[in-house]
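J.: The file below is protein_6.txt, compact mmCIF, C-alpha atoms and all ligand atoms:
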# COMPACT_ATOMS: atom_id res chain seq x y z
CA MET A 1 88.88 116.24 89.93
CA GLY A 2 87.95 118.25 93.03
CA THR A 3 86.71 115.26 95.00
CA ASP A 4 89.32 112.78 93.80
CA LYS A 5 90.93 111.36 96.95
CA HIS A 6 94.44 111.35 95.50
CA VAL A 7 94.17 114.99 94.42
CA LEU A 8 92.99 116.04 97.89
CA TYR A 9 95.64 113.89 99.60
CA SER A 10 98.44 115.29 97.51
CA ALA A 11 97.30 118.90 98.08
CA ALA A 12 96.91 118.45 101.83
CA VAL A 13 99.68 116.06 102.78
CA GLN A 14 102.52 116.00 100.28
CA SER A 15 105.43 118.47 100.02
CA THR A 16 107.66 116.67 97.59
CA ASP A 17 110.15 119.50 97.03
CA ALA A 18 110.82 119.83 100.75
CA ASP A 19 111.10 116.04 101.16
CA LEU A 20 113.48 115.72 98.23
CA ASP A 21 115.59 118.71 99.37
CA PHE A 22 115.89 117.02 102.74
CA ILE A 23 116.93 113.58 101.50
CA GLU A 24 119.43 115.05 99.04
CA ARG A 25 120.96 117.12 101.85
CA VAL A 26 121.22 114.12 104.20
CA TYR A 27 122.88 112.00 101.51
CA ARG A 28 125.27 114.76 100.39
CA ASN A 29 126.32 115.62 103.94
CA LYS A 30 127.09 111.99 104.71
CA ARG A 31 128.48 110.73 101.41
CA ARG A 32 129.83 113.96 99.84
CA LYS A 33 128.20 113.21 96.50
CA GLN A 34 124.88 113.39 94.71
CA ALA A 35 122.36 110.54 94.99
CA HIS A 36 120.72 109.36 91.76
CA ARG A 37 118.85 106.12 92.42
CA LEU A 38 115.78 106.42 94.64
CA ARG A 39 113.59 103.60 95.93
CA GLU A 40 110.23 104.92 97.14
CA ASP A 41 108.74 102.21 99.33
CA PHE A 42 104.95 102.46 99.94
CA CYS A 43 104.95 104.88 96.99
CA GLY A 44 101.17 105.27 96.54
CA THR A 45 100.79 107.43 93.43
CA ALA A 46 104.61 107.74 93.18
CA LEU A 47 104.57 111.53 93.01
CA LEU A 48 107.88 111.67 94.87
CA SER A 49 109.47 109.30 92.38
CA VAL A 50 108.23 111.43 89.47
CA ASP A 51 109.55 114.64 91.05
CA TRP A 52 112.85 112.91 91.82
CA VAL A 53 113.36 111.96 88.17
CA GLU A 54 112.37 115.43 86.97
CA ARG A 55 114.69 117.14 89.46
CA ARG A 56 118.09 116.07 88.06
CA LYS A 57 119.49 114.56 84.90
CA GLY A 58 120.67 111.04 85.72
CA ASN A 59 118.03 110.44 88.38
CA GLU A 60 115.99 107.24 88.32
CA ALA A 61 113.31 105.94 90.70
CA TRP A 62 111.66 102.68 91.70
CA GLY A 63 108.23 103.08 93.31
CA ILE A 64 106.81 100.07 95.17
CA ASP A 65 103.25 99.63 96.40
CA LEU A 66 100.73 96.84 96.93
CA ASP A 67 97.71 98.81 95.75
CA LEU A 68 97.23 98.48 92.00
CA PRO A 69 94.48 101.15 91.54
CA THR A 70 96.67 103.72 93.32
CA LEU A 71 99.67 102.84 91.15
CA ALA A 72 97.47 103.05 88.04
CA TRP A 73 96.26 106.51 89.10
CA GLY A 74 99.85 107.67 89.50
CA ARG A 75 100.77 106.29 86.10
CA LYS A 76 97.84 108.05 84.41
CA TYR A 77 98.06 111.45 86.08
CA TYR A 78 101.77 111.79 86.84
CA ILE A 79 104.02 109.40 84.90
CA ASP A 80 102.24 109.46 81.52
CA ARG A 81 102.28 113.26 81.68
CA MET A 82 106.03 113.58 82.21
CA GLU A 83 107.58 115.56 79.38
CA LYS A 84 110.38 113.03 79.08
CA ASP A 85 112.04 110.35 81.18
CA ALA A 86 108.78 108.58 82.09
CA LYS A 87 110.70 105.36 81.55
CA LYS A 88 113.00 106.32 84.42
CA VAL A 89 110.14 105.87 86.91
CA HIS A 90 109.73 102.14 87.50
CA LEU A 91 106.44 101.27 89.18
CA MET A 92 106.42 97.93 90.95
CA HIS A 93 103.23 96.27 92.15
CA LYS A 94 105.08 94.40 94.89
CA ASN A 95 105.47 93.97 98.61
CA VAL A 96 108.29 96.13 100.04
CA LEU A 97 109.42 93.08 102.01
CA THR A 98 110.32 91.13 98.88
CA ALA A 99 110.61 93.58 95.95
CA LYS A 100 113.93 93.41 94.11
CA THR A 101 115.55 96.58 92.78
CA PRO A 102 119.04 97.52 91.52
CA PRO A 103 121.50 98.97 94.10
CA ILE A 104 119.85 102.08 95.50
CA ASP A 105 121.40 105.34 96.83
CA ILE A 106 118.39 106.45 98.91
CA ALA A 107 115.44 104.34 100.02
CA ILE A 108 112.50 106.18 101.59
CA ALA A 109 109.45 105.17 103.60
CA PHE A 110 107.36 108.34 103.91
CA ASN A 111 104.12 109.37 105.48
CA PHE A 112 104.86 106.96 108.30
CA SER A 113 103.96 104.02 106.07
CA TYR A 114 106.21 101.55 107.92
CA PHE A 115 103.94 102.02 110.98
CA ILE A 116 101.83 99.36 109.20
CA PHE A 117 104.21 96.77 110.67
CA LYS A 118 102.93 96.18 114.17
CA LYS A 119 105.26 93.41 115.24
CA ARG A 120 108.92 94.09 115.93
CA GLU A 121 109.93 91.10 113.80
CA ASP A 122 107.94 92.48 110.83
CA LEU A 123 109.47 95.93 111.10
CA LYS A 124 112.85 94.24 111.33
CA LYS A 125 112.11 92.28 108.14
CA TYR A 126 111.25 95.56 106.38
CA PHE A 127 114.45 97.27 107.52
CA ALA A 128 116.45 94.19 106.47
CA SER A 129 114.84 94.32 103.03
CA ALA A 130 115.64 98.06 102.68
CA TYR A 131 119.22 97.38 103.84
CA LYS A 132 119.63 94.70 101.19
CA ALA A 133 118.27 97.02 98.49
CA LEU A 134 120.84 99.74 99.22
CA ALA A 135 124.22 100.17 97.53
CA SER A 136 127.20 99.83 99.89
CA ASP A 137 126.96 103.55 100.73
CA GLY A 138 123.16 103.78 100.56
CA VAL A 139 120.92 105.59 103.02
CA LEU A 140 117.40 104.77 104.26
CA VAL A 141 115.27 107.75 105.29
CA MET A 142 111.86 107.58 106.96
CA ASP A 143 109.63 110.10 108.64
CA ILE A 144 108.37 109.71 112.17
CA TYR A 145 106.22 111.66 114.57
CA GLY A 146 105.60 111.94 118.26
CA GLY A 147 104.79 114.35 121.05
CA THR A 148 102.16 114.37 123.75
CA SER A 149 99.32 114.50 121.17
CA ALA A 150 100.55 111.39 119.33
CA PRO A 151 99.60 108.57 121.72
CA THR A 152 96.06 109.83 122.24
CA SER A 153 92.75 110.52 120.48
CA CYS A 154 92.77 113.78 118.56
CA TRP A 155 91.26 115.64 115.58
CA GLU A 156 93.33 118.37 113.91
CA GLU A 157 92.15 120.54 111.03
CA ARG A 158 93.94 122.71 108.49
CA VAL A 159 92.61 124.79 105.62
CA ILE A 160 94.27 124.01 102.27
CA ARG A 161 94.46 126.97 99.89
CA ASN A 162 95.85 127.55 96.41
CA ALA A 163 96.27 123.90 95.48
CA LEU A 164 96.23 122.66 91.89
CA THR A 165 94.96 119.43 90.34
CA PRO A 166 97.29 117.47 88.02
CA ASP A 167 95.32 119.14 85.18
CA GLY A 168 96.54 122.51 86.48
CA ASP A 169 93.10 123.65 87.68
CA LYS A 170 92.84 125.55 90.94
CA LEU A 171 91.08 123.63 93.73
CA PRO A 172 88.61 125.60 95.83
CA ARG A 173 89.95 125.89 99.37
CA PHE A 174 89.04 122.92 101.53
CA LYS A 175 89.56 121.51 105.01
CA TYR A 176 91.79 118.58 105.82
CA ALA A 177 91.36 116.74 109.11
CA TRP A 178 93.74 114.25 110.72
CA GLU A 179 92.09 112.06 113.33
CA HIS A 180 93.50 109.63 115.84
CA GLU A 181 90.42 107.58 116.60
CA THR A 182 91.96 105.26 119.17
CA PHE A 183 95.33 104.63 120.77
CA ASN A 184 95.92 101.45 122.77
CA ALA A 185 98.65 101.94 125.36
CA VAL A 186 99.10 98.18 125.78
CA THR A 187 100.10 97.64 122.14
CA ASN A 188 100.81 101.22 120.94
CA GLU A 189 98.31 100.52 118.14
CA LEU A 190 96.91 103.67 116.62
CA LEU A 191 93.86 103.92 114.35
CA THR A 192 93.92 107.09 112.22
CA HIS A 193 91.78 108.66 109.50
CA ILE A 194 91.99 111.47 106.97
CA HIS A 195 88.83 113.47 106.23
CA PHE A 196 88.20 116.33 103.76
CA LYS A 197 85.52 119.03 103.52
CA TYR A 198 84.54 121.75 101.07
CA ARG A 199 82.68 124.76 102.46
CA GLY A 200 78.93 124.08 102.59
CA ASP A 201 79.38 120.35 101.99
CA PRO A 202 79.36 117.55 104.56
CA TRP A 203 82.67 115.97 105.57
CA MET A 204 84.05 113.33 103.23
CA ARG A 205 84.81 111.02 106.13
CA ARG A 206 87.53 108.40 106.44
CA VAL A 207 88.80 108.89 102.93
CA PHE A 208 92.00 107.24 104.12
CA THR A 209 92.32 105.00 107.20
CA TYR A 210 95.58 103.72 108.66
CA ASP A 211 95.80 100.95 111.23
CA TRP A 212 99.26 101.46 112.69
CA ARG A 213 101.62 100.95 115.56
CA LEU A 214 103.17 104.16 116.81
CA TRP A 215 106.90 103.45 116.77
CA SER A 216 109.35 105.62 118.73
CA VAL A 217 112.72 106.98 117.62
CA PRO A 218 114.77 104.71 119.93
CA GLU A 219 112.83 101.59 118.89
CA VAL A 220 113.36 102.37 115.22
CA ARG A 221 117.06 103.13 115.65
CA GLU A 222 117.69 99.97 117.67
CA ILE A 223 116.05 97.77 115.05
CA LEU A 224 117.97 99.53 112.25
CA GLU A 225 121.20 98.73 114.08
CA GLU A 226 120.14 95.11 114.55
CA VAL A 227 119.71 94.58 110.79
CA GLY A 228 123.20 95.94 110.12
CA PHE A 229 123.01 99.70 109.54
CA ALA A 230 126.31 101.22 110.68
CA SER A 231 124.68 104.29 112.25
CA SER A 232 121.60 106.47 112.18
CA ASP A 233 120.58 110.05 112.93
CA ALA A 234 117.33 111.58 114.19
CA PHE A 235 116.10 114.92 112.84
CA SER A 236 113.24 117.19 113.87
CA HIS A 237 112.00 120.67 113.03
CA GLY A 238 112.39 123.72 115.26
CA TRP A 239 109.56 125.94 116.48
CA GLY A 240 108.61 129.40 115.22
CA ALA A 241 107.55 132.27 117.50
CA ASP A 242 103.92 131.33 116.74
CA GLY A 243 104.46 127.89 118.29
CA GLU A 244 104.22 126.19 114.89
CA SER A 245 106.86 124.10 113.12
CA ASP A 246 109.53 126.15 111.32
CA HIS A 247 109.90 123.26 108.81
CA VAL A 248 113.69 123.37 109.22
CA TYR A 249 114.90 119.86 110.04
CA ARG A 250 118.12 119.53 112.03
CA LYS A 251 120.01 116.57 113.40
CA ARG A 252 119.18 116.15 117.12
CA THR A 253 120.47 114.09 120.01
CA LYS A 254 117.57 115.37 122.10
CA ILE A 255 113.98 116.12 121.09
CA ILE A 256 111.74 117.69 123.72
CA ASN A 257 108.45 115.78 123.52
CA GLU A 258 106.34 118.85 122.79
CA GLU A 259 102.74 118.59 121.67
CA GLY A 260 103.16 117.28 118.13
CA TRP A 261 106.54 117.09 116.42
CA VAL A 262 107.49 115.57 113.09
CA GLY A 263 110.94 114.23 112.29
CA TYR A 264 113.01 111.86 110.23
CA VAL A 265 115.37 108.99 110.93
CA ALA A 266 118.21 108.43 108.46
CA ALA A 267 120.12 105.14 108.59
CA TYR A 268 123.50 104.71 106.91
CA LYS A 269 124.70 101.36 105.54
C1 LIG B 301 100.32 106.06 103.94
S1 LIG B 301 100.24 105.52 102.25
C2 LIG B 301 101.69 106.37 101.72
C3 LIG B 301 101.71 106.87 100.32
C4 LIG B 301 102.98 107.64 99.96
N1 LIG B 301 104.19 107.01 100.44
C5 LIG B 301 102.99 109.04 100.47
O1 LIG B 301 103.97 109.47 101.05
O2 LIG B 301 102.04 109.75 100.30
C6 LIG B 301 100.74 103.84 102.47
C7 LIG B 301 100.88 103.01 101.20
O3 LIG B 301 101.58 101.82 101.53
C8 LIG B 301 101.08 100.76 100.73
N2 LIG B 301 101.50 99.50 101.39
C9 LIG B 301 101.11 99.01 102.58
N3 LIG B 301 101.78 97.88 102.87
C10 LIG B 301 102.65 97.66 101.85
C11 LIG B 301 103.64 96.67 101.58
N4 LIG B 301 103.89 95.67 102.44
N5 LIG B 301 104.34 96.76 100.42
C12 LIG B 301 104.10 97.77 99.55
N6 LIG B 301 103.19 98.74 99.76
C13 LIG B 301 102.47 98.70 100.90
C14 LIG B 301 99.59 101.02 100.66
O4 LIG B 301 99.02 100.41 99.53
C15 LIG B 301 99.56 102.57 100.58
O5 LIG B 301 99.51 103.01 99.24
Translate this structure into structure tokens?
Ligand SMILES: C[S@@+](CC[C@H](N)C(=O)[O-])C[C@H]1O[C@@H](n2cnc3c(N)ncnc32)[C@H](O)[C@@H]1O
T.:
Amino acid sequence: MGTDKHVLYSAAVQSTDADLDFIERVYRNKRRKQAHRLREDFCGTALLSVDWVERRKGNEAWGIDLDLPTLAWGRKYYIDRMEKDAKKVHLMHKNVLTAKTPPIDIAIAFNFSYFIFKKREDLKKYFASAYKALASDGVLVMDIYGGTSAPTSCWEERVIRNALTPDGDKLPRFKYAWEHETFNAVTNELLTHIHFKYRGDPWMRRVFTYDWRLWSVPEVREILEEVGFASSDAFSHGWGADGESDHVYRKRTKIINEEGWVGYVAAYK
């Protein structure tokens, strides 16, 4: 499975425990109770939904995506291999703009997937659809990024070590590259790619490509308010002594626009 794009993506990009710790903390701090019903918009292979269900008795998840082969991959390698409770992960081959789910505690749009909506009215439609899906005390959480390296062309590499395939086999270490091919300052459109490379092999180029608009925190929060969310918070990580992210996400009223920061916006119904 060493060259399977979903295996490489998951190893390089996903940190489901950290994501789920974060959303549980946000919900608990705001609502003083435990969340149980998760809606994972743009779920891809639905790994987050699977880990959500496995994390706590009583948890249930709805994963929504337009790409059938990706959903099928997630069913085969993640859901069908759950020890129990596979029936508590509901995969939906639907558009997030129209999918219907039961009242949800937390809806998430991760890995910047809502950047796919380039027009303000389309992003607004998405936020309205997430709002409608939430229970009366539900919370929508999405990730976001910025910094001086965001609206520009760039190529960043990391080495991925000690990753496992869904079969439990160790992956040889490999390189992950994140590329911004073009950024258009007139439209804020951003064309990005993910590439992978094993030592001695050529790059597996453009394994994933995303044609996005780079949305900013104030734009997102204003549109959330327009569709009816009562309030929202912005979160970002701090910086370690080595100049890297400390991966500790705190609520902020000010984020210094340093080179490349990653954050979240949480919106409360
Ligand atoms: C960047 S991937 C994110 C995968 C996953 N959320 C993650 O965190 O790794 C974006 C996904 O959004 C899906 N997608 C794009 N537009 C969609 C829409 N309108 N409704 C549902 N899924 C959509 C694509 O098929 C793709 O799987």
J.: At what distance in Å, to one decimal, does CA of Gly228 (chain A) lie from CA of Tyr131 (chain A)?
T.: 7.6 Å
J.: Could you give me, as a PyMOL selection string, every polymer residue with an atom at most 8 Å away from an atom of ligand LIG 301 (chain B), counting only C-alpha atoms and all ligand atoms?
T.: chain A and resi 9-10+13-14+40-48+64-68+70+93-97+109-114+116+210
J.: Excluding Ser149 (chain A) and residues on its chain fewer than 6 positions from it, collect all residues at most 10 Å away from it, counting all atoms listed in the file, and give them as a list in words.
T.: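 Returned residues: Trp155, His180, Asn257, Glu258, Glu259, Gly260 and Trp261 of chain A.
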J.: One number please: CA of Pro218 (chain A) to CA of Phe115 (chain A), in Å, one decimal.
T.: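 Between CA of Pro218 (chain A) and CA of Phe115 (chain A) the gap is 14.3 Å.
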J.: For each of A:Phe196, A:Tyr78, A:Phe208, A:Trp203, take the minimum atom-to-atom distance to Gly168 (chain A), counting all atoms listed in the file, then give the residue where this is smallest.
T.: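 For Gly168 (chain A), the nearest of the candidates is A:Tyr78.
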J.: Between CA of Gly58 (chain A) and CA of His36 (chain A), measure the distance and give it in Å to one decimal.
T.: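 So the two atoms, CA of Gly58 (chain A) and CA of His36 (chain A), lie 6.3 Å apart.
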J.: Which residues are near Val207 (chain A)? Cut-off 12 Å, all atoms listed in the file, ignore same chain within fewer than 3 positions. Put them as a list in words.
T.: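 Residues meeting the cut-off are Thr3, Asp4, Lys5, His6, Val7, Leu8, Tyr9, Tyr176, Ala177, Trp178, Glu179, Thr192, His193, Ile194, His195, Phe196, Lys197, Trp203, Met204 and Tyr210 of chain A.
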J.: When distances are computed from all atoms listed in the file, which of A:Thr209, A:Phe127, A:Gly138, A:Ala234 shows the smallest separation from Arg28 (chain A)?
T.: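 Answer, going by the shortest atom-to-atom distance: A:Gly138.
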J.: Restricting the calculation to all atoms listed in the file, which member of A:Asp85, A:Asp242, A:Asp80, A:Glu24 is positioned closest to Ala61 (chain A)?
T.: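 Comparing A:Asp85, A:Asp242, A:Asp80, A:Glu24 against Ala61 (chain A), the winner is A:Asp85.
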J.: List every protein, DNA or RNA residue that has at least one atom no more than 10 Å from (111.6, 119.5, 119.9) in the file's coordinates, counting all atoms listed in the file, and write the result as number ranges by chain.
T.: A: 146-147, 235-239, 245, 252, 254-263
J.: For Glu222 (chain A), which of A:Ile108, A:Ala267, A:Val53, A:Leu140 is the closest residue, counting only C-alpha atoms?
T.: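 Closest candidate: A:Ala267.
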J.: Set the distance at 12 Å and use all atoms listed in the file: which residues neighbour Lys170 (chain A) once local chain neighbours fewer than 2 positions away are removed? I'd like the list as number ranges by chain.
T.: A: 1-2, 7-8, 11, 160-168, 172-174
J.: Pick from A:His90, A:Arg31, A:Lys125, A:Lys269: nearest to Asn59 (chain A), with all atoms listed in the file counted?
T.: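 Answer, going by the shortest atom-to-atom distance: A:His90.
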J.: Pick out the residues sitting within 6 Å of Thr182 (chain A), and hand them over as JSON, numbers by chain; count only C-alpha atoms, and ignore anything fewer than 3 positions along from it in its own chain.
T.: {"A": [153, 190, 191]}
J.: Can you write out the residues you just picked, keeping C-alpha atoms, as a CSV table (one decimal), in the coordinates of the input?
T.:
chain,number,residue,atom,x,y,z
A,153,SER,CA,92.8,110.5,120.5
A,190,LEU,CA,96.9,103.7,116.6
A,191,LEU,CA,93.9,103.9,114.4
J.: Near Arg55 (chain A), within 10 Å and counting all atoms listed in the file, which residues show up once chain neighbours fewer than 4 positions away are dropped, as a list of chain:residue names?
T.: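 The residues that qualify are A:Asp17, A:Leu20, A:Ser49, A:Val50, A:Asp51, A:Asn59.
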J.: Build an axis-aligned box that encloses every atom of region 57-71 of chain A listed in the file, pad it by 8 Å on each side, and report its centre and edge lengths in Å to one decimal, as JSON.
T.:
{"center_x": 107.6, "center_y": 105.7, "center_z": 90.9, "size_x": 42.2, "size_y": 33.7, "size_z": 28.0}
J.: Would you save region 108-170 of chain A to a file, keeping C-alpha atoms, as a PDB file, in the first residue's frame?
T.:
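Dumped to result04.pdb:
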ATOM      1  CA  ILE A 108     -16.431  20.191  10.853  1.00  0.00           C
ATOM      2  CA  ALA A 109     -14.886  21.302   7.567  1.00  0.00           C
ATOM      3  CA  PHE A 110     -11.221  20.324   7.805  1.00  0.00           C
ATOM      4  CA  ASN A 111      -8.151  20.562   5.668  1.00  0.00           C
ATOM      5  CA  PHE A 112      -9.438  23.891   4.409  1.00  0.00           C
ATOM      6  CA  SER A 113     -11.988  22.104   2.231  1.00  0.00           C
ATOM      7  CA  TYR A 114     -14.467  25.008   2.247  1.00  0.00           C
ATOM      8  CA  PHE A 115     -11.843  27.054   0.329  1.00  0.00           C
ATOM      9  CA  ILE A 116     -13.377  25.268  -2.686  1.00  0.00           C
ATOM     10  CA  PHE A 117     -16.146  27.877  -2.583  1.00  0.00           C
ATOM     11  CA  LYS A 118     -14.719  30.844  -4.431  1.00  0.00           C
ATOM     12  CA  LYS A 119     -17.743  33.113  -4.426  1.00  0.00           C
ATOM     13  CA  ARG A 120     -18.935  34.765  -1.238  1.00  0.00           C
ATOM     14  CA  GLU A 121     -22.520  33.685  -1.957  1.00  0.00           C
ATOM     15  CA  ASP A 122     -21.407  30.028  -2.283  1.00  0.00           C
ATOM     16  CA  LEU A 123     -19.464  30.084   0.972  1.00  0.00           C
ATOM     17  CA  LYS A 124     -22.508  31.690   2.569  1.00  0.00           C
ATOM     18  CA  LYS A 125     -24.710  28.870   1.236  1.00  0.00           C
ATOM     19  CA  TYR A 126     -22.325  26.329   2.786  1.00  0.00           C
ATOM     20  CA  PHE A 127     -22.326  28.053   6.182  1.00  0.00           C
ATOM     21  CA  ALA A 128     -26.137  28.309   6.027  1.00  0.00           C
ATOM     22  CA  SER A 129     -26.348  24.581   5.315  1.00  0.00           C
ATOM     23  CA  ALA A 130     -24.009  23.766   8.248  1.00  0.00           C
ATOM     24  CA  TYR A 131     -26.057  26.098  10.487  1.00  0.00           C
ATOM     25  CA  LYS A 132     -29.246  24.286   9.551  1.00  0.00           C
ATOM     26  CA  ALA A 133     -27.656  20.900  10.262  1.00  0.00           C
ATOM     27  CA  LEU A 134     -26.680  21.852  13.824  1.00  0.00           C
ATOM     28  CA  ALA A 135     -28.736  21.252  16.959  1.00  0.00           C
ATOM     29  CA  SER A 136     -29.791  24.443  18.771  1.00  0.00           C
ATOM     30  CA  ASP A 137     -26.502  24.426  20.724  1.00  0.00           C
ATOM     31  CA  GLY A 138     -24.349  23.041  17.900  1.00  0.00           C
ATOM     32  CA  VAL A 139     -20.910  24.273  16.898  1.00  0.00           C
ATOM     33  CA  LEU A 140     -19.236  24.483  13.475  1.00  0.00           C
ATOM     34  CA  VAL A 141     -15.436  24.192  13.464  1.00  0.00           C
ATOM     35  CA  MET A 142     -13.177  24.710  10.461  1.00  0.00           C
ATOM     36  CA  ASP A 143      -9.461  25.082  10.008  1.00  0.00           C
ATOM     37  CA  ILE A 144      -7.875  28.048   8.296  1.00  0.00           C
ATOM     38  CA  TYR A 145      -4.393  29.224   7.459  1.00  0.00           C
ATOM     39  CA  GLY A 146      -2.584  32.410   6.641  1.00  0.00           C
ATOM     40  CA  GLY A 147       0.660  34.274   7.080  1.00  0.00           C
ATOM     41  CA  THR A 148       3.014  35.958   4.665  1.00  0.00           C
ATOM     42  CA  SER A 149       3.749  32.656   2.866  1.00  0.00           C
ATOM     43  CA  ALA A 150       0.057  31.928   2.202  1.00  0.00           C
ATOM     44  CA  PRO A 151      -0.787  34.407  -0.582  1.00  0.00           C
ATOM     45  CA  THR A 152       2.260  33.537  -2.666  1.00  0.00           C
ATOM     46  CA  SER A 153       3.964  30.730  -4.598  1.00  0.00           C
ATOM     47  CA  CYS A 154       5.813  28.313  -2.354  1.00  0.00           C
ATOM     48  CA  TRP A 155       7.037  24.717  -2.000  1.00  0.00           C
ATOM     49  CA  GLU A 156       7.465  23.277   1.497  1.00  0.00           C
ATOM     50  CA  GLU A 157       8.783  19.805   2.283  1.00  0.00           C
ATOM     51  CA  ARG A 158       8.632  17.578   5.346  1.00  0.00           C
ATOM     52  CA  VAL A 159       9.971  14.088   5.953  1.00  0.00           C
ATOM     53  CA  ILE A 160       7.334  11.642   7.241  1.00  0.00           C
ATOM     54  CA  ARG A 161       8.700   8.916   9.502  1.00  0.00           C
ATOM     55  CA  ASN A 162       7.214   6.002  11.425  1.00  0.00           C
ATOM     56  CA  ALA A 163       3.849   5.978   9.676  1.00  0.00           C
ATOM     57  CA  LEU A 164       1.690   2.875   9.385  1.00  0.00           C
ATOM     58  CA  THR A 165      -0.655   1.668   6.642  1.00  0.00           C
ATOM     59  CA  PRO A 166      -4.215   0.624   7.602  1.00  0.00           C
ATOM     60  CA  ASP A 167      -2.842  -2.963   7.459  1.00  0.00           C
ATOM     61  CA  GLY A 168      -0.451  -2.032  10.277  1.00  0.00           C
ATOM     62  CA  ASP A 169       2.684  -2.215   8.106  1.00  0.00           C
ATOM     63  CA  LYS A 170       5.406   0.365   8.601  1.00  0.00           C
TER      64      LYS A 170
END
